[in-house]
$ cat run.pdb   # PDB, C-alpha atoms, pLDDT in the B column
ATOM      1  CA  MET A   1     -43.809 101.814 -38.775  1.00 95.00           C
ATOM      2  CA  ALA A   2     -40.140 101.030 -39.268  1.00 98.00           C
ATOM      3  CA  ALA A   3     -37.803 103.636 -40.722  1.00 98.00           C
ATOM      4  CA  ILE A   4     -34.951 102.966 -43.133  1.00 98.00           C
ATOM      5  CA  CYS A   5     -32.019 105.348 -43.443  1.00 98.00           C
ATOM      6  CA  VAL A   6     -30.264 105.007 -46.809  1.00 97.00           C
ATOM      7  CA  GLY A   7     -26.847 106.537 -47.334  1.00 97.00           C
ATOM      8  CA  HIS A   8     -25.331 107.171 -50.752  1.00 96.00           C
ATOM      9  CA  ILE A   9     -21.572 107.507 -50.369  1.00 98.00           C
ATOM     10  CA  ARG A  10     -18.660 108.695 -52.498  1.00 97.00           C
ATOM     11  CA  VAL A  11     -15.408 108.174 -50.562  1.00 97.00           C
ATOM     12  CA  LYS A  12     -12.870 111.013 -50.794  1.00 97.00           C
ATOM     13  CA  ASP A  13     -10.314 109.897 -48.212  1.00 98.00           C
ATOM     14  CA  PRO A  14     -10.320 106.132 -47.511  1.00 97.00           C
ATOM     15  CA  GLU A  15      -8.303 106.434 -44.300  1.00 98.00           C
ATOM     16  CA  VAL A  16     -10.615 109.042 -42.760  1.00 98.00           C
ATOM     17  CA  TRP A  17     -13.679 107.179 -44.021  1.00 98.00           C
ATOM     18  CA  GLU A  18     -12.506 104.010 -42.273  1.00 97.00           C
ATOM     19  CA  GLN A  19     -12.139 105.949 -39.002  1.00 98.00           C
ATOM     20  CA  TYR A  20     -15.773 107.067 -39.337  1.00 98.00           C
ATOM     21  CA  ARG A  21     -17.009 103.630 -40.404  1.00 96.00           C
ATOM     22  CA  SER A  22     -15.297 101.888 -37.490  1.00 97.00           C
ATOM     23  CA  ARG A  23     -17.068 104.147 -34.966  1.00 98.00           C
ATOM     24  CA  VAL A  24     -20.523 104.769 -36.424  1.00 98.00           C
ATOM     25  CA  GLY A  25     -21.892 101.280 -35.731  1.00 97.00           C
ATOM     26  CA  ALA A  26     -21.895 101.833 -31.974  1.00 97.00           C
ATOM     27  CA  THR A  27     -23.986 104.992 -32.384  1.00 98.00           C
ATOM     28  CA  ILE A  28     -26.510 103.108 -34.531  1.00 98.00           C
ATOM     29  CA  ALA A  29     -26.803 100.196 -32.090  1.00 97.00           C
ATOM     30  CA  GLY A  30     -27.211 102.632 -29.225  1.00 96.00           C
ATOM     31  CA  HIS A  31     -30.458 103.811 -30.801  1.00 97.00           C
ATOM     32  CA  GLY A  32     -31.813 100.396 -31.685  1.00 97.00           C
ATOM     33  CA  GLY A  33     -30.679 100.554 -35.305  1.00 98.00           C
ATOM     34  CA  GLU A  34     -29.810  97.523 -37.389  1.00 97.00           C
ATOM     35  CA  LEU A  35     -27.461  97.525 -40.359  1.00 97.00           C
ATOM     36  CA  LEU A  36     -29.359  95.910 -43.245  1.00 97.00           C
ATOM     37  CA  PHE A  37     -26.916  96.298 -46.089  1.00 96.00           C
ATOM     38  CA  ARG A  38     -23.586  97.870 -46.947  1.00 95.00           C
ATOM     39  CA  GLY A  39     -22.068  97.505 -50.385  1.00 95.00           C
ATOM     40  CA  GLN A  40     -20.228  98.952 -53.357  1.00 93.00           C
ATOM     41  CA  ARG A  41     -21.895  99.640 -56.683  1.00 90.00           C
ATOM     42  CA  ARG A  42     -20.730  97.499 -59.574  1.00 87.00           C
ATOM     43  CA  GLU A  43     -23.160  98.696 -62.253  1.00 89.00           C
ATOM     44  CA  CYS A  44     -25.788 101.355 -62.705  1.00 85.00           C
ATOM     45  CA  PHE A  45     -28.643 100.039 -64.851  1.00 90.00           C
ATOM     46  CA  ALA A  46     -30.555 103.328 -65.143  1.00 92.00           C
ATOM     47  CA  GLY A  47     -30.119 106.979 -64.206  1.00 89.00           C
ATOM     48  CA  GLU A  48     -27.218 108.569 -62.380  1.00 84.00           C
ATOM     49  CA  SER A  49     -25.937 107.449 -59.013  1.00 80.00           C
ATOM     50  CA  SER A  50     -24.964 109.901 -56.296  1.00 81.00           C
ATOM     51  CA  GLY A  51     -22.255 107.618 -54.951  1.00 88.00           C
ATOM     52  CA  ASP A  52     -20.343 104.405 -55.392  1.00 92.00           C
ATOM     53  CA  ARG A  53     -21.324 102.875 -52.047  1.00 96.00           C
ATOM     54  CA  VAL A  54     -24.613 102.468 -50.209  1.00 96.00           C
ATOM     55  CA  VAL A  55     -25.747 101.652 -46.702  1.00 97.00           C
ATOM     56  CA  ALA A  56     -29.225 100.858 -45.368  1.00 98.00           C
ATOM     57  CA  ILE A  57     -30.077 100.983 -41.663  1.00 98.00           C
ATOM     58  CA  ARG A  58     -33.418 100.042 -40.074  1.00 98.00           C
ATOM     59  CA  PHE A  59     -34.786 101.774 -36.995  1.00 98.00           C
ATOM     60  CA  ALA A  60     -37.987 100.950 -35.105  1.00 98.00           C
ATOM     61  CA  ASP A  61     -39.589 104.209 -36.234  1.00 98.00           C
ATOM     62  CA  LEU A  62     -38.878 107.684 -37.610  1.00 98.00           C
ATOM     63  CA  ALA A  63     -38.394 109.124 -34.124  1.00 98.00           C
ATOM     64  CA  SER A  64     -35.641 106.592 -33.336  1.00 98.00           C
ATOM     65  CA  ALA A  65     -33.834 107.395 -36.590  1.00 98.00           C
ATOM     66  CA  ARG A  66     -34.081 111.117 -35.889  1.00 98.00           C
ATOM     67  CA  ARG A  67     -32.791 110.647 -32.329  1.00 98.00           C
ATOM     68  CA  TRP A  68     -29.806 108.695 -33.678  1.00 98.00           C
ATOM     69  CA  HIS A  69     -28.969 111.338 -36.292  1.00 98.00           C
ATOM     70  CA  GLY A  70     -29.293 114.189 -33.800  1.00 98.00           C
ATOM     71  CA  SER A  71     -27.511 112.424 -30.938  1.00 98.00           C
ATOM     72  CA  PRO A  72     -24.303 113.905 -29.558  1.00 98.00           C
ATOM     73  CA  GLU A  73     -22.546 110.572 -30.217  1.00 98.00           C
ATOM     74  CA  TYR A  74     -23.374 110.627 -33.920  1.00 98.00           C
ATOM     75  CA  GLN A  75     -22.921 114.365 -34.365  1.00 98.00           C
ATOM     76  CA  ALA A  76     -19.394 113.993 -32.944  1.00 98.00           C
ATOM     77  CA  LEU A  77     -18.600 111.841 -36.026  1.00 98.00           C
ATOM     78  CA  VAL A  78     -20.028 114.212 -38.654  1.00 98.00           C
ATOM     79  CA  GLY A  79     -16.699 115.986 -39.152  1.00 98.00           C
ATOM     80  CA  LEU A  80     -15.000 112.667 -39.952  1.00 98.00           C
ATOM     81  CA  ARG A  81     -17.869 111.733 -42.265  1.00 98.00           C
ATOM     82  CA  GLU A  82     -17.597 115.003 -44.171  1.00 98.00           C
ATOM     83  CA  ARG A  83     -13.812 114.782 -44.509  1.00 98.00           C
ATOM     84  CA  GLY A  84     -13.932 111.146 -45.533  1.00 98.00           C
ATOM     85  CA  ALA A  85     -16.796 111.126 -48.030  1.00 98.00           C
ATOM     86  CA  ASP A  86     -19.605 112.948 -49.759  1.00 97.00           C
ATOM     87  CA  VAL A  87     -22.696 111.419 -48.156  1.00 97.00           C
ATOM     88  CA  THR A  88     -26.405 111.821 -48.777  1.00 96.00           C
ATOM     89  CA  LEU A  89     -28.633 110.375 -46.046  1.00 97.00           C
ATOM     90  CA  GLU A  90     -32.309 109.785 -46.808  1.00 97.00           C
ATOM     91  CA  LEU A  91     -34.994 108.599 -44.412  1.00 98.00           C
ATOM     92  CA  PHE A  92     -37.846 106.347 -45.587  1.00 98.00           C
ATOM     93  CA  GLU A  93     -40.782 104.824 -43.767  1.00 97.00           C
ATOM     94  CA  GLU A  94     -41.725 101.190 -44.403  1.00 92.00           C
TER      95      GLU A  94
END
$ encode --input "run.pdb" --output "structure tokens"
Amino acid sequence: MAAICVGHIRVKDPEVWEQYRSRVGATIAGHGGELLFRGQRRECFAGESSGDRVVAIRFADLASARRWHGSPEYQALVGLRERGADVTLELFEE
């Protein structure tokens, strides 16, 4: 079953965030991931949002998503991610 990683993002430092964003795609592709959606929230119809941006990435399965997240290539970017934004990453199975 496919796995979807959803990120809820609140940017703190746009310059640092852009450095992260410009490099993370290669780590995703390297693990067979596909960017499904990236966007900025314009309205919240119900509840409270944990960020003002969202990203959704599809992987072939949970194991592929976990390998991507734990990979040295991605982990090398975590410091940039944390300096650039508050991010919550959730993993779902289709």
$ residues_around --input "run.pdb" --residues "range 8-17 of chain A" --least-positions-apart "3" --cutoff "6 Å" --atoms "all atoms listed in the file" --output "list of chain:residue names"
A:Tyr20, A:Gly51, A:Asp52, A:Arg53, A:Val54, A:Gly84, A:Ala85, A:Asp86, A:Val87, A:Thr88
$ closest_residue --input "run.pdb" --among "A:Trp68, A:Glu94, A:Arg81, A:Ala76" --to "Ile28 in chain A" --atoms "all atoms listed in the file"
A:Trp68
$ closest_residue --input "run.pdb" --among "A:Val24, A:Gln40, A:Gly47, A:Ala3" --to "Ala65 in chain A" --atoms "only C-alpha atoms"
A:Ala3
$ atom_distance --input "run.pdb" --atom1 "CA of Val55 in chain A" --atom2 "CA of Cys5 in chain A"
8.0 Å
$ resolve_selection --input "run.pdb" --expression "the PyMOL selection byres ((chain A and resi 25) around 12)" --output "list of chain:residue names"
A:Glu18, A:Gln19, A:Tyr20, A:Arg21, A:Ser22, A:Arg23, A:Val24, A:Ala26, A:Thr27, A:Ile28, A:Ala29, A:Gly30, A:His31, A:Gly32, A:Gly33, A:Glu34, A:Leu35, A:Leu36, A:Arg38, A:Val55, A:Ile57, A:Trp68, A:Glu73, A:Tyr74, A:Leu77
$ atom_distance --input "run.pdb" --atom1 "CA of Glu48 in chain A" --atom2 "CA of Ile4 in chain A"
21.5 Å
$ decode --input "run.pdb" --residues "range 35-47 of chain A" --atoms "all heavy atoms" --output "PDB file, in the first residue's frame"
ATOM      1  N   LEU A  35       6.222  14.226  -5.186  1.00  0.00           N
ATOM      2  CA  LEU A  35       5.528  15.374  -4.607  1.00  0.00           C
ATOM      3  C   LEU A  35       4.120  15.440  -5.192  1.00  0.00           C
ATOM      4  O   LEU A  35       3.955  15.549  -6.404  1.00  0.00           O
ATOM      5  CB  LEU A  35       6.289  16.664  -4.903  1.00  0.00           C
ATOM      6  CG  LEU A  35       5.660  17.948  -4.378  1.00  0.00           C
ATOM      7  CD1 LEU A  35       5.658  17.968  -2.862  1.00  0.00           C
ATOM      8  CD2 LEU A  35       6.406  19.153  -4.912  1.00  0.00           C
ATOM      9  N   LEU A  36       3.113  15.358  -4.339  1.00  0.00           N
ATOM     10  CA  LEU A  36       1.720  15.420  -4.785  1.00  0.00           C
ATOM     11  C   LEU A  36       1.169  16.830  -4.747  1.00  0.00           C
ATOM     12  O   LEU A  36       0.415  17.233  -5.626  1.00  0.00           O
ATOM     13  CB  LEU A  36       0.838  14.529  -3.910  1.00  0.00           C
ATOM     14  CG  LEU A  36       1.122  13.045  -3.934  1.00  0.00           C
ATOM     15  CD1 LEU A  36       0.209  12.323  -2.957  1.00  0.00           C
ATOM     16  CD2 LEU A  36       0.978  12.500  -5.338  1.00  0.00           C
ATOM     17  N   PHE A  37       1.535  17.560  -3.700  1.00  0.00           N
ATOM     18  CA  PHE A  37       0.928  18.873  -3.498  1.00  0.00           C
ATOM     19  C   PHE A  37       1.799  19.687  -2.566  1.00  0.00           C
ATOM     20  O   PHE A  37       2.349  19.166  -1.596  1.00  0.00           O
ATOM     21  CB  PHE A  37      -0.466  18.704  -2.872  1.00  0.00           C
ATOM     22  CG  PHE A  37      -1.114  20.006  -2.503  1.00  0.00           C
ATOM     23  CD1 PHE A  37      -1.722  20.786  -3.469  1.00  0.00           C
ATOM     24  CD2 PHE A  37      -1.115  20.460  -1.194  1.00  0.00           C
ATOM     25  CE1 PHE A  37      -2.311  22.000  -3.132  1.00  0.00           C
ATOM     26  CE2 PHE A  37      -1.694  21.658  -0.850  1.00  0.00           C
ATOM     27  CZ  PHE A  37      -2.297  22.430  -1.822  1.00  0.00           C
ATOM     28  N   ARG A  38       1.907  20.960  -2.874  1.00  0.00           N
ATOM     29  CA  ARG A  38       2.570  21.925  -1.988  1.00  0.00           C
ATOM     30  C   ARG A  38       1.767  23.209  -2.109  1.00  0.00           C
ATOM     31  O   ARG A  38       1.498  23.670  -3.215  1.00  0.00           O
ATOM     32  CB  ARG A  38       3.997  22.155  -2.458  1.00  0.00           C
ATOM     33  CG  ARG A  38       4.741  23.169  -1.626  1.00  0.00           C
ATOM     34  CD  ARG A  38       6.108  23.476  -2.200  1.00  0.00           C
ATOM     35  NE  ARG A  38       7.021  22.381  -1.967  1.00  0.00           N
ATOM     36  CZ  ARG A  38       8.046  22.076  -2.754  1.00  0.00           C
ATOM     37  NH1 ARG A  38       8.274  22.777  -3.847  1.00  0.00           N
ATOM     38  NH2 ARG A  38       8.838  21.075  -2.473  1.00  0.00           N
ATOM     39  N   GLY A  39       1.349  23.775  -0.989  1.00  0.00           N
ATOM     40  CA  GLY A  39       0.561  24.990  -1.078  1.00  0.00           C
ATOM     41  C   GLY A  39       0.507  25.774   0.221  1.00  0.00           C
ATOM     42  O   GLY A  39       0.958  25.315   1.270  1.00  0.00           O
ATOM     43  N   GLN A  40      -0.051  26.966   0.119  1.00  0.00           N
ATOM     44  CA  GLN A  40      -0.236  27.843   1.277  1.00  0.00           C
ATOM     45  C   GLN A  40      -1.717  27.934   1.602  1.00  0.00           C
ATOM     46  O   GLN A  40      -2.552  28.072   0.705  1.00  0.00           O
ATOM     47  CB  GLN A  40       0.295  29.244   0.976  1.00  0.00           C
ATOM     48  CG  GLN A  40       1.801  29.298   1.005  1.00  0.00           C
ATOM     49  CD  GLN A  40       2.310  30.722   0.965  1.00  0.00           C
ATOM     50  OE1 GLN A  40       2.650  31.219  -0.094  1.00  0.00           O
ATOM     51  NE2 GLN A  40       2.362  31.354   2.113  1.00  0.00           N
ATOM     52  N   ARG A  41      -2.010  27.887   2.901  1.00  0.00           N
ATOM     53  CA  ARG A  41      -3.391  27.979   3.360  1.00  0.00           C
ATOM     54  C   ARG A  41      -3.924  29.380   3.124  1.00  0.00           C
ATOM     55  O   ARG A  41      -3.251  30.377   3.361  1.00  0.00           O
ATOM     56  CB  ARG A  41      -3.485  27.647   4.852  1.00  0.00           C
ATOM     57  CG  ARG A  41      -4.882  27.774   5.412  1.00  0.00           C
ATOM     58  CD  ARG A  41      -4.985  27.310   6.863  1.00  0.00           C
ATOM     59  NE  ARG A  41      -3.877  27.674   7.713  1.00  0.00           N
ATOM     60  CZ  ARG A  41      -3.805  28.805   8.416  1.00  0.00           C
ATOM     61  NH1 ARG A  41      -4.778  29.682   8.373  1.00  0.00           N
ATOM     62  NH2 ARG A  41      -2.758  29.058   9.167  1.00  0.00           N
ATOM     63  N   ARG A  42      -5.140  29.449   2.653  1.00  0.00           N
ATOM     64  CA  ARG A  42      -5.834  30.720   2.458  1.00  0.00           C
ATOM     65  C   ARG A  42      -6.980  30.885   3.432  1.00  0.00           C
ATOM     66  O   ARG A  42      -7.328  32.001   3.796  1.00  0.00           O
ATOM     67  CB  ARG A  42      -6.347  30.840   1.018  1.00  0.00           C
ATOM     68  CG  ARG A  42      -5.249  30.854  -0.014  1.00  0.00           C
ATOM     69  CD  ARG A  42      -4.350  32.057   0.174  1.00  0.00           C
ATOM     70  NE  ARG A  42      -3.268  32.054  -0.797  1.00  0.00           N
ATOM     71  CZ  ARG A  42      -2.033  32.410  -0.515  1.00  0.00           C
ATOM     72  NH1 ARG A  42      -1.708  32.785   0.689  1.00  0.00           N
ATOM     73  NH2 ARG A  42      -1.116  32.393  -1.457  1.00  0.00           N
ATOM     74  N   GLU A  43      -7.600  29.779   3.827  1.00  0.00           N
ATOM     75  CA  GLU A  43      -8.688  29.810   4.811  1.00  0.00           C
ATOM     76  C   GLU A  43      -8.657  28.530   5.618  1.00  0.00           C
ATOM     77  O   GLU A  43      -8.181  27.509   5.146  1.00  0.00           O
ATOM     78  CB  GLU A  43     -10.053  29.895   4.111  1.00  0.00           C
ATOM     79  CG  GLU A  43     -10.307  31.188   3.386  1.00  0.00           C
ATOM     80  CD  GLU A  43     -11.695  31.217   2.771  1.00  0.00           C
ATOM     81  OE1 GLU A  43     -12.676  30.962   3.503  1.00  0.00           O
ATOM     82  OE2 GLU A  43     -11.779  31.486   1.570  1.00  0.00           O
ATOM     83  N   CYS A  44      -9.194  28.595   6.805  1.00  0.00           N
ATOM     84  CA  CYS A  44      -9.373  27.413   7.633  1.00  0.00           C
ATOM     85  C   CYS A  44     -10.865  27.325   7.938  1.00  0.00           C
ATOM     86  O   CYS A  44     -11.406  28.164   8.650  1.00  0.00           O
ATOM     87  CB  CYS A  44      -8.556  27.528   8.919  1.00  0.00           C
ATOM     88  SG  CYS A  44      -8.616  26.043   9.924  1.00  0.00           S
ATOM     89  N   PHE A  45     -11.540  26.349   7.363  1.00  0.00           N
ATOM     90  CA  PHE A  45     -12.989  26.229   7.512  1.00  0.00           C
ATOM     91  C   PHE A  45     -13.409  25.696   8.879  1.00  0.00           C
ATOM     92  O   PHE A  45     -14.483  26.015   9.356  1.00  0.00           O
ATOM     93  CB  PHE A  45     -13.574  25.324   6.434  1.00  0.00           C
ATOM     94  CG  PHE A  45     -13.592  25.948   5.068  1.00  0.00           C
ATOM     95  CD1 PHE A  45     -13.188  25.223   3.972  1.00  0.00           C
ATOM     96  CD2 PHE A  45     -14.015  27.254   4.875  1.00  0.00           C
ATOM     97  CE1 PHE A  45     -13.217  25.778   2.696  1.00  0.00           C
ATOM     98  CE2 PHE A  45     -14.043  27.823   3.605  1.00  0.00           C
ATOM     99  CZ  PHE A  45     -13.642  27.083   2.521  1.00  0.00           C
ATOM    100  N   ALA A  46     -12.571  24.863   9.493  1.00  0.00           N
ATOM    101  CA  ALA A  46     -12.945  24.274  10.788  1.00  0.00           C
ATOM    102  C   ALA A  46     -11.689  23.910  11.562  1.00  0.00           C
ATOM    103  O   ALA A  46     -10.679  23.518  10.980  1.00  0.00           O
ATOM    104  CB  ALA A  46     -13.800  23.027  10.568  1.00  0.00           C
ATOM    105  N   GLY A  47     -11.731  24.037  12.864  1.00  0.00           N
ATOM    106  CA  GLY A  47     -10.614  23.663  13.719  1.00  0.00           C
ATOM    107  C   GLY A  47      -9.464  24.640  13.655  1.00  0.00           C
ATOM    108  O   GLY A  47      -9.593  25.752  13.156  1.00  0.00           O
TER     109      GLY A  47
END
